[in-house]
$ cat data-v6.pdb   # PDB, C-alpha atoms
ATOM      1  CA  MET H1225      84.479  95.847 140.927
ATOM      2  CA  PHE H1226      86.562  97.445 138.136
ATOM      3  CA  SER H1227      90.262  96.732 137.835
ATOM      4  CA  ILE H1228      90.815  97.761 134.200
ATOM      5  CA  ILE H1229      89.036 100.758 132.698
ATOM      6  CA  LEU H1230      89.229 101.625 129.004
ATOM      7  CA  LEU H1231      88.830 105.358 128.388
ATOM      8  CA  ALA H1232      87.901 105.977 124.746
ATOM      9  CA  THR H1233      88.745 109.587 123.889
ATOM     10  CA  ASP H1234      89.452 111.919 121.016
ATOM     11  CA  GLY H1235      91.384 114.275 123.285
ATOM     12  CA  SER H1236      88.959 117.140 122.842
ATOM     13  CA  PRO H1237      88.010 119.483 125.679
ATOM     14  CA  GLY H1238      84.500 118.009 125.435
ATOM     15  CA  ALA H1239      85.900 114.631 126.483
ATOM     16  CA  HIS H1240      87.050 116.047 129.824
ATOM     17  CA  ALA H1241      83.872 114.910 131.630
ATOM     18  CA  ALA H1242      84.639 111.314 130.610
ATOM     19  CA  VAL H1243      88.204 111.706 131.920
ATOM     20  CA  LEU H1244      86.837 112.941 135.260
ATOM     21  CA  SER H1245      84.407 110.001 135.477
ATOM     22  CA  ALA H1246      87.123 107.482 134.622
ATOM     23  CA  THR H1247      89.385 109.092 137.230
ATOM     24  CA  ALA H1248      86.704 108.795 139.912
ATOM     25  CA  LEU H1249      86.033 105.149 139.009
ATOM     26  CA  ALA H1250      89.742 104.346 139.066
ATOM     27  CA  HIS H1251      90.268 105.987 142.461
ATOM     28  CA  HIS H1252      87.218 104.270 143.942
ATOM     29  CA  ASN H1253      88.190 100.824 142.642
ATOM     30  CA  GLY H1254      91.991 101.008 142.652
ATOM     31  CA  ALA H1255      91.850 100.458 138.887
ATOM     32  CA  ARG H1256      94.225 101.254 136.072
ATOM     33  CA  ILE H1257      93.156 103.044 132.909
ATOM     34  CA  ILE H1258      93.985 102.284 129.315
ATOM     35  CA  VAL H1259      93.383 105.404 127.247
ATOM     36  CA  VAL H1260      92.427 104.456 123.693
ATOM     37  CA  HIS H1261      92.355 106.778 120.726
ATOM     38  CA  ALA H1262      90.951 105.325 117.523
ATOM     39  CA  ALA H1263      92.621 107.058 114.614
ATOM     40  CA  GLY H1264      93.448 106.774 110.984
ATOM     41  CA  ALA H1265      97.004 107.286 109.861
ATOM     42  CA  GLU H1266      97.252 110.716 111.513
ATOM     43  CA  ASP H1267      99.213 111.319 114.696
ATOM     44  CA  THR H1268      97.669 111.168 118.139
ATOM     45  CA  PRO H1269      96.329 114.601 119.135
ATOM     46  CA  GLN H1270      98.180 116.385 121.929
ATOM     47  CA  GLY H1271      94.912 116.503 123.857
ATOM     48  CA  VAL H1272      94.940 112.701 124.208
ATOM     49  CA  ARG H1273      98.515 112.748 125.497
ATOM     50  CA  ASP H1274      97.557 115.527 127.920
ATOM     51  CA  GLN H1275      94.673 113.422 129.243
ATOM     52  CA  VAL H1276      97.053 110.507 129.930
ATOM     53  CA  SER H1277      99.384 112.898 131.762
ATOM     54  CA  GLU H1278      96.445 114.241 133.787
ATOM     55  CA  LEU H1279      95.543 110.708 134.897
ATOM     56  CA  ARG H1280      99.121 109.949 135.891
ATOM     57  CA  ARG H1281      99.349 113.196 137.890
ATOM     58  CA  ALA H1282      96.215 112.048 139.733
ATOM     59  CA  GLY H1283      98.127 108.911 140.757
ATOM     60  CA  ILE H1284      96.344 106.526 138.410
ATOM     61  CA  PRO H1285      98.319 103.937 136.448
ATOM     62  CA  ALA H1286      97.523 104.907 132.850
ATOM     63  CA  ARG H1287      98.818 103.967 129.437
ATOM     64  CA  LEU H1288      98.000 105.112 125.932
ATOM     65  CA  ALA H1289      97.012 102.910 123.007
ATOM     66  CA  VAL H1290      96.293 104.198 119.518
ATOM     67  CA  VAL H1291      94.366 101.828 117.271
ATOM     68  CA  GLU H1292      93.539 101.949 113.594
ATOM     69  CA  ASN H1293      89.832 102.447 113.042
ATOM     70  CA  GLY H1294      89.539 100.729 109.671
ATOM     71  CA  ASP H1295      86.195  99.152 110.634
ATOM     72  CA  GLY H1296      85.144 102.263 112.556
ATOM     73  CA  ALA H1297      86.083 103.661 115.926
ATOM     74  CA  ALA H1298      83.411 101.766 117.873
ATOM     75  CA  SER H1299      84.513  98.439 116.421
ATOM     76  CA  ALA H1300      88.190  99.131 117.098
ATOM     77  CA  ILE H1301      87.477 100.153 120.696
ATOM     78  CA  ALA H1302      85.250  97.115 121.327
ATOM     79  CA  GLN H1303      87.993  94.834 119.962
ATOM     80  CA  MET H1304      90.530  96.396 122.330
ATOM     81  CA  ALA H1305      88.124  96.024 125.248
ATOM     82  CA  ALA H1306      87.821  92.313 124.480
ATOM     83  CA  ALA H1307      91.551  91.804 123.905
ATOM     84  CA  TRP H1308      92.503  93.507 127.182
ATOM     85  CA  LYS H1309      89.582  92.038 129.158
ATOM     86  CA  VAL H1310      88.553  95.434 130.472
ATOM     87  CA  ASP H1311      85.765  95.749 133.011
ATOM     88  CA  VAL H1312      84.151  98.937 131.681
ATOM     89  CA  VAL H1313      84.522 101.350 128.754
ATOM     90  CA  VAL H1314      84.136 105.055 129.544
ATOM     91  CA  THR H1315      83.504 107.509 126.718
ATOM     92  CA  GLY H1316      82.088 110.964 126.254
ATOM     93  CA  ILE H1317      78.942 112.027 124.460
ATOM     94  CA  ARG H1318      79.150 115.162 122.372
ATOM     95  CA  GLY H1319      76.292 117.116 120.921
ATOM     96  CA  ALA H1320      73.771 116.362 123.628
ATOM     97  CA  GLY H1321      72.472 119.943 123.387
ATOM     98  CA  SER H1322      71.152 119.521 119.855
ATOM     99  CA  ALA H1323      68.818 116.792 118.619
ATOM    100  CA  LEU H1324      70.709 116.455 115.318
ATOM    101  CA  ARG H1325      74.192 116.520 116.852
ATOM    102  CA  GLY H1326      72.970 114.215 119.615
ATOM    103  CA  ALA H1327      71.699 111.725 117.045
ATOM    104  CA  VAL H1328      75.027 111.759 115.195
ATOM    105  CA  ALA H1329      77.105 111.439 118.381
ATOM    106  CA  GLY H1330      74.673 108.839 119.661
ATOM    107  CA  ARG H1331      75.423 106.529 116.718
ATOM    108  CA  PHE H1332      78.986 105.982 117.931
ATOM    109  CA  VAL H1333      77.829 105.250 121.472
ATOM    110  CA  GLN H1334      75.012 102.976 120.277
ATOM    111  CA  ARG H1335      77.425 101.016 118.099
ATOM    112  CA  LEU H1336      79.953 100.793 120.941
ATOM    113  CA  VAL H1337      77.282  99.524 123.347
ATOM    114  CA  ALA H1338      76.182  96.927 120.790
ATOM    115  CA  LEU H1339      79.718  95.677 120.135
ATOM    116  CA  SER H1340      81.358  96.007 123.545
ATOM    117  CA  PRO H1341      82.013  92.848 125.579
ATOM    118  CA  CYS H1342      81.567  94.863 128.805
ATOM    119  CA  PRO H1343      79.443  97.732 130.150
ATOM    120  CA  VAL H1344      79.826 101.157 128.544
ATOM    121  CA  LEU H1345      79.569 104.350 130.607
ATOM    122  CA  ALA H1346      78.651 107.228 128.267
ATOM    123  CA  VAL H1347      79.317 110.571 129.968
ATOM    124  CA  PRO H1348      77.694 113.750 128.634
ATOM    125  CA  GLY H1349      80.245 116.500 128.003
TER
END
$ encode --input "data-v6.pdb" --output "structure tokens"
Amino acid sequence: MFSIILLATDGSPGAHAAVLSATALAHHNGARIIVVHAAGAEDTPQGVRDQVSELRRAGIPARLAVVENGDGAASAIAQMAAAWKVDVVVTGIRGAGSALRGAVAGRFVQRLVALSPCPVLAVPG
């Protein structure tokens, strides 16, 4: 069902649940994963690179892409999903334990769902 999975991550420990879900999907479907980090001009966090290494150690073909988020992270990720014709976007949800933090984190996911050309799997962290 899925041959290309886009994993949108900030590399934080809270994103680990999304990495685990993407790993399970990839194993089940024989898919490859494109790990996307939407960033400004700053360097890619080591946590993102570590997540790519973790996927590769699990035997999953994975590559890293860093995109400028000039129009916002959700827009940049949705554009990459369209350009690479991915089958599903997997991302984490932070702040689910607090109504205020959940509302703020939920804005990114809501925008991504609205803009994405494919299904979005939002995994609570």
$ residues_around --input "data-v6.pdb" --residues "H:Ala1306" --least-positions-apart "5" --cutoff "10 Å" --atoms "all atoms listed in the file" --output "ChimeraX atom specification"
/H:1301,1311,1339-1342
$ residues_near_point --input "data-v6.pdb" --point "(94.7, 114.4, 120.6)" --cutoff "9 Å" --atoms "all atoms listed in the file" --output "mmCIF file with C-alpha atoms, in the frame of the given file"
data_model
loop_
_atom_site.group_PDB
_atom_site.id
_atom_site.type_symbol
_atom_site.label_atom_id
_atom_site.label_comp_id
_atom_site.auth_asym_id
_atom_site.auth_seq_id
_atom_site.Cartn_x
_atom_site.Cartn_y
_atom_site.Cartn_z
ATOM 1 C CA THR H 1233 88.745 109.587 123.889
ATOM 2 C CA ASP H 1234 89.452 111.919 121.016
ATOM 3 C CA GLY H 1235 91.384 114.275 123.285
ATOM 4 C CA SER H 1236 88.959 117.140 122.842
ATOM 5 C CA HIS H 1261 92.355 106.778 120.726
ATOM 6 C CA ASP H 1267 99.213 111.319 114.696
ATOM 7 C CA THR H 1268 97.669 111.168 118.139
ATOM 8 C CA PRO H 1269 96.329 114.601 119.135
ATOM 9 C CA GLN H 1270 98.180 116.385 121.929
ATOM 10 C CA GLY H 1271 94.912 116.503 123.857
ATOM 11 C CA VAL H 1272 94.940 112.701 124.208
ATOM 12 C CA ARG H 1273 98.515 112.748 125.497
ATOM 13 C CA ASP H 1274 97.557 115.527 127.920
ATOM 14 C CA GLN H 1275 94.673 113.422 129.243
#
$ residues_around --input "data-v6.pdb" --residues "H:Gln1303" --least-positions-apart "4" --cutoff "12 Å" --atoms "only C-alpha atoms" --output "list in words"
Leu1230, Val1260, Ala1262, Val1291, Glu1292, Asn1293, Gly1294, Asp1295, Gly1296, Ala1297, Ala1298, Ser1299, Ala1307, Trp1308, Lys1309, Val1310, Val1313, Leu1336, Leu1339, Ser1340, Pro1341 and Cys1342 of chain H
$ residues_around --input "data-v6.pdb" --residues "H:Val1333" --least-positions-apart "6" --cutoff "9 Å" --atoms "all atoms listed in the file" --output "PyMOL selection string"
chain H and resi 1298+1315-1317+1344+1346
$ atom_distance --input "data-v6.pdb" --atom1 "atom CA of H:Gln1334" --atom2 "atom CA of H:Val1312"
15.2 Å
$ atom_distance --input "data-v6.pdb" --atom1 "atom CA of H:Ser1277" --atom2 "atom CA of H:Met1225"
24.4 Å
$ residues_around --input "data-v6.pdb" --residues "H:Ser1245" --least-positions-apart "3" --cutoff "8 Å" --atoms "all atoms listed in the file" --output "list in words"
Ala1241, Ala1242, Ala1248, Leu1249, Val1314 and Val1347 of chain H
$ atom_distance --input "data-v6.pdb" --atom1 "atom CA of H:Leu1345" --atom2 "atom CA of H:Ile1284"
18.6 Å
$ resolve_selection --input "data-v6.pdb" --expression "the PyMOL selection byres ((chain H and resi 1257) around 6)" --output "ChimeraX atom specification"
/H:1228-1230,1256,1258,1286
$ resolve_selection --input "data-v6.pdb" --expression "the PyMOL selection byres ((chain H and resi 1288) around 6)" --output "list in words"
Ile1258, Val1259, Arg1287 and Ala1289 of chain H
$ build_atoms --input "data-v6.pdb" --residues "stretch 1244-1275 of chain H" --atoms "N, CA and C atoms" --output "mmCIF file, in the coordinates of the input"
data_model
loop_
_atom_site.group_PDB
_atom_site.id
_atom_site.type_symbol
_atom_site.label_atom_id
_atom_site.label_comp_id
_atom_site.auth_asym_id
_atom_site.auth_seq_id
_atom_site.Cartn_x
_atom_site.Cartn_y
_atom_site.Cartn_z
ATOM 1 N N LEU H 1244 87.152 112.782 133.835
ATOM 2 C CA LEU H 1244 86.837 112.941 135.260
ATOM 3 C C LEU H 1244 86.095 111.721 135.807
ATOM 4 N N SER H 1245 85.149 111.193 135.041
ATOM 5 C CA SER H 1245 84.407 110.001 135.477
ATOM 6 C C SER H 1245 85.316 108.790 135.575
ATOM 7 N N ALA H 1246 86.182 108.607 134.587
ATOM 8 C CA ALA H 1246 87.123 107.482 134.622
ATOM 9 C C ALA H 1246 88.076 107.616 135.804
ATOM 10 N N THR H 1247 88.501 108.839 136.083
ATOM 11 C CA THR H 1247 89.385 109.092 137.230
ATOM 12 C C THR H 1247 88.699 108.705 138.534
ATOM 13 N N ALA H 1248 87.452 109.121 138.691
ATOM 14 C CA ALA H 1248 86.704 108.795 139.912
ATOM 15 C C ALA H 1248 86.528 107.287 140.056
ATOM 16 N N LEU H 1249 86.183 106.606 138.968
ATOM 17 C CA LEU H 1249 86.033 105.149 139.009
ATOM 18 C C LEU H 1249 87.348 104.472 139.383
ATOM 19 N N ALA H 1250 88.433 104.945 138.796
ATOM 20 C CA ALA H 1250 89.742 104.346 139.066
ATOM 21 C C ALA H 1250 90.136 104.535 140.524
ATOM 22 N N HIS H 1251 89.944 105.735 141.054
ATOM 23 C CA HIS H 1251 90.268 105.987 142.461
ATOM 24 C C HIS H 1251 89.422 105.109 143.382
ATOM 25 N N HIS H 1252 88.137 105.032 143.095
ATOM 26 C CA HIS H 1252 87.218 104.270 143.942
ATOM 27 C C HIS H 1252 87.518 102.766 143.932
ATOM 28 N N ASN H 1253 87.985 102.267 142.805
ATOM 29 C CA ASN H 1253 88.190 100.824 142.642
ATOM 30 C C ASN H 1253 89.660 100.398 142.650
ATOM 31 N N GLY H 1254 90.578 101.352 142.734
ATOM 32 C CA GLY H 1254 91.991 101.008 142.652
ATOM 33 C C GLY H 1254 92.344 100.451 141.285
ATOM 34 N N ALA H 1255 91.697 100.977 140.247
ATOM 35 C CA ALA H 1255 91.850 100.458 138.887
ATOM 36 C C ALA H 1255 92.935 101.196 138.115
ATOM 37 N N ARG H 1256 93.349 100.587 137.032
ATOM 38 C CA ARG H 1256 94.225 101.254 136.072
ATOM 39 C C ARG H 1256 93.401 101.607 134.848
ATOM 40 N N ILE H 1257 93.885 102.569 134.082
ATOM 41 C CA ILE H 1257 93.156 103.044 132.909
ATOM 42 C C ILE H 1257 94.012 102.871 131.658
ATOM 43 N N ILE H 1258 93.380 102.329 130.639
ATOM 44 C CA ILE H 1258 93.985 102.284 129.315
ATOM 45 C C ILE H 1258 93.250 103.324 128.482
ATOM 46 N N VAL H 1259 93.964 104.346 128.064
ATOM 47 C CA VAL H 1259 93.383 105.404 127.247
ATOM 48 C C VAL H 1259 93.533 104.995 125.788
ATOM 49 N N VAL H 1260 92.400 104.896 125.094
ATOM 50 C CA VAL H 1260 92.427 104.456 123.693
ATOM 51 C C VAL H 1260 91.944 105.586 122.798
ATOM 52 N N HIS H 1261 92.730 105.817 121.761
ATOM 53 C CA HIS H 1261 92.355 106.778 120.726
ATOM 54 C C HIS H 1261 92.292 106.019 119.418
ATOM 55 N N ALA H 1262 91.112 105.979 118.828
ATOM 56 C CA ALA H 1262 90.951 105.325 117.523
ATOM 57 C C ALA H 1262 91.222 106.366 116.452
ATOM 58 N N ALA H 1263 92.186 106.069 115.594
ATOM 59 C CA ALA H 1263 92.621 107.058 114.614
ATOM 60 C C ALA H 1263 92.870 106.402 113.272
ATOM 61 N N GLY H 1264 92.988 107.235 112.274
ATOM 62 C CA GLY H 1264 93.448 106.774 110.984
ATOM 63 C C GLY H 1264 94.971 106.806 111.004
ATOM 64 N N ALA H 1265 95.551 107.247 109.940
ATOM 65 C CA ALA H 1265 97.004 107.286 109.861
ATOM 66 C C ALA H 1265 97.597 108.527 110.530
ATOM 67 N N GLU H 1266 96.744 109.475 110.916
ATOM 68 C CA GLU H 1266 97.252 110.716 111.513
ATOM 69 C C GLU H 1266 97.825 110.470 112.900
ATOM 70 N N ASP H 1267 98.598 111.427 113.378
ATOM 71 C CA ASP H 1267 99.213 111.319 114.696
ATOM 72 C C ASP H 1267 98.168 111.473 115.798
ATOM 73 N N THR H 1268 98.531 111.024 116.971
ATOM 74 C CA THR H 1268 97.669 111.168 118.139
ATOM 75 C C THR H 1268 97.618 112.635 118.539
ATOM 76 N N PRO H 1269 96.423 113.195 118.726
ATOM 77 C CA PRO H 1269 96.329 114.601 119.135
ATOM 78 C C PRO H 1269 97.000 114.841 120.487
ATOM 79 N N GLN H 1270 97.545 116.032 120.665
ATOM 80 C CA GLN H 1270 98.180 116.385 121.929
ATOM 81 C C GLN H 1270 97.194 116.293 123.081
ATOM 82 N N GLY H 1271 95.928 116.572 122.812
ATOM 83 C CA GLY H 1271 94.912 116.503 123.857
ATOM 84 C C GLY H 1271 94.810 115.117 124.487
ATOM 85 N N VAL H 1272 94.980 114.072 123.678
ATOM 86 C CA VAL H 1272 94.940 112.701 124.208
ATOM 87 C C VAL H 1272 96.145 112.469 125.121
ATOM 88 N N ARG H 1273 97.305 112.895 124.671
ATOM 89 C CA ARG H 1273 98.515 112.748 125.497
ATOM 90 C C ARG H 1273 98.377 113.539 126.808
ATOM 91 N N ASP H 1274 97.776 114.717 126.719
ATOM 92 C CA ASP H 1274 97.557 115.527 127.920
ATOM 93 C C ASP H 1274 96.621 114.820 128.896
ATOM 94 N N GLN H 1275 95.605 114.141 128.377
ATOM 95 C CA GLN H 1275 94.673 113.422 129.243
ATOM 96 C C GLN H 1275 95.373 112.271 129.970
#
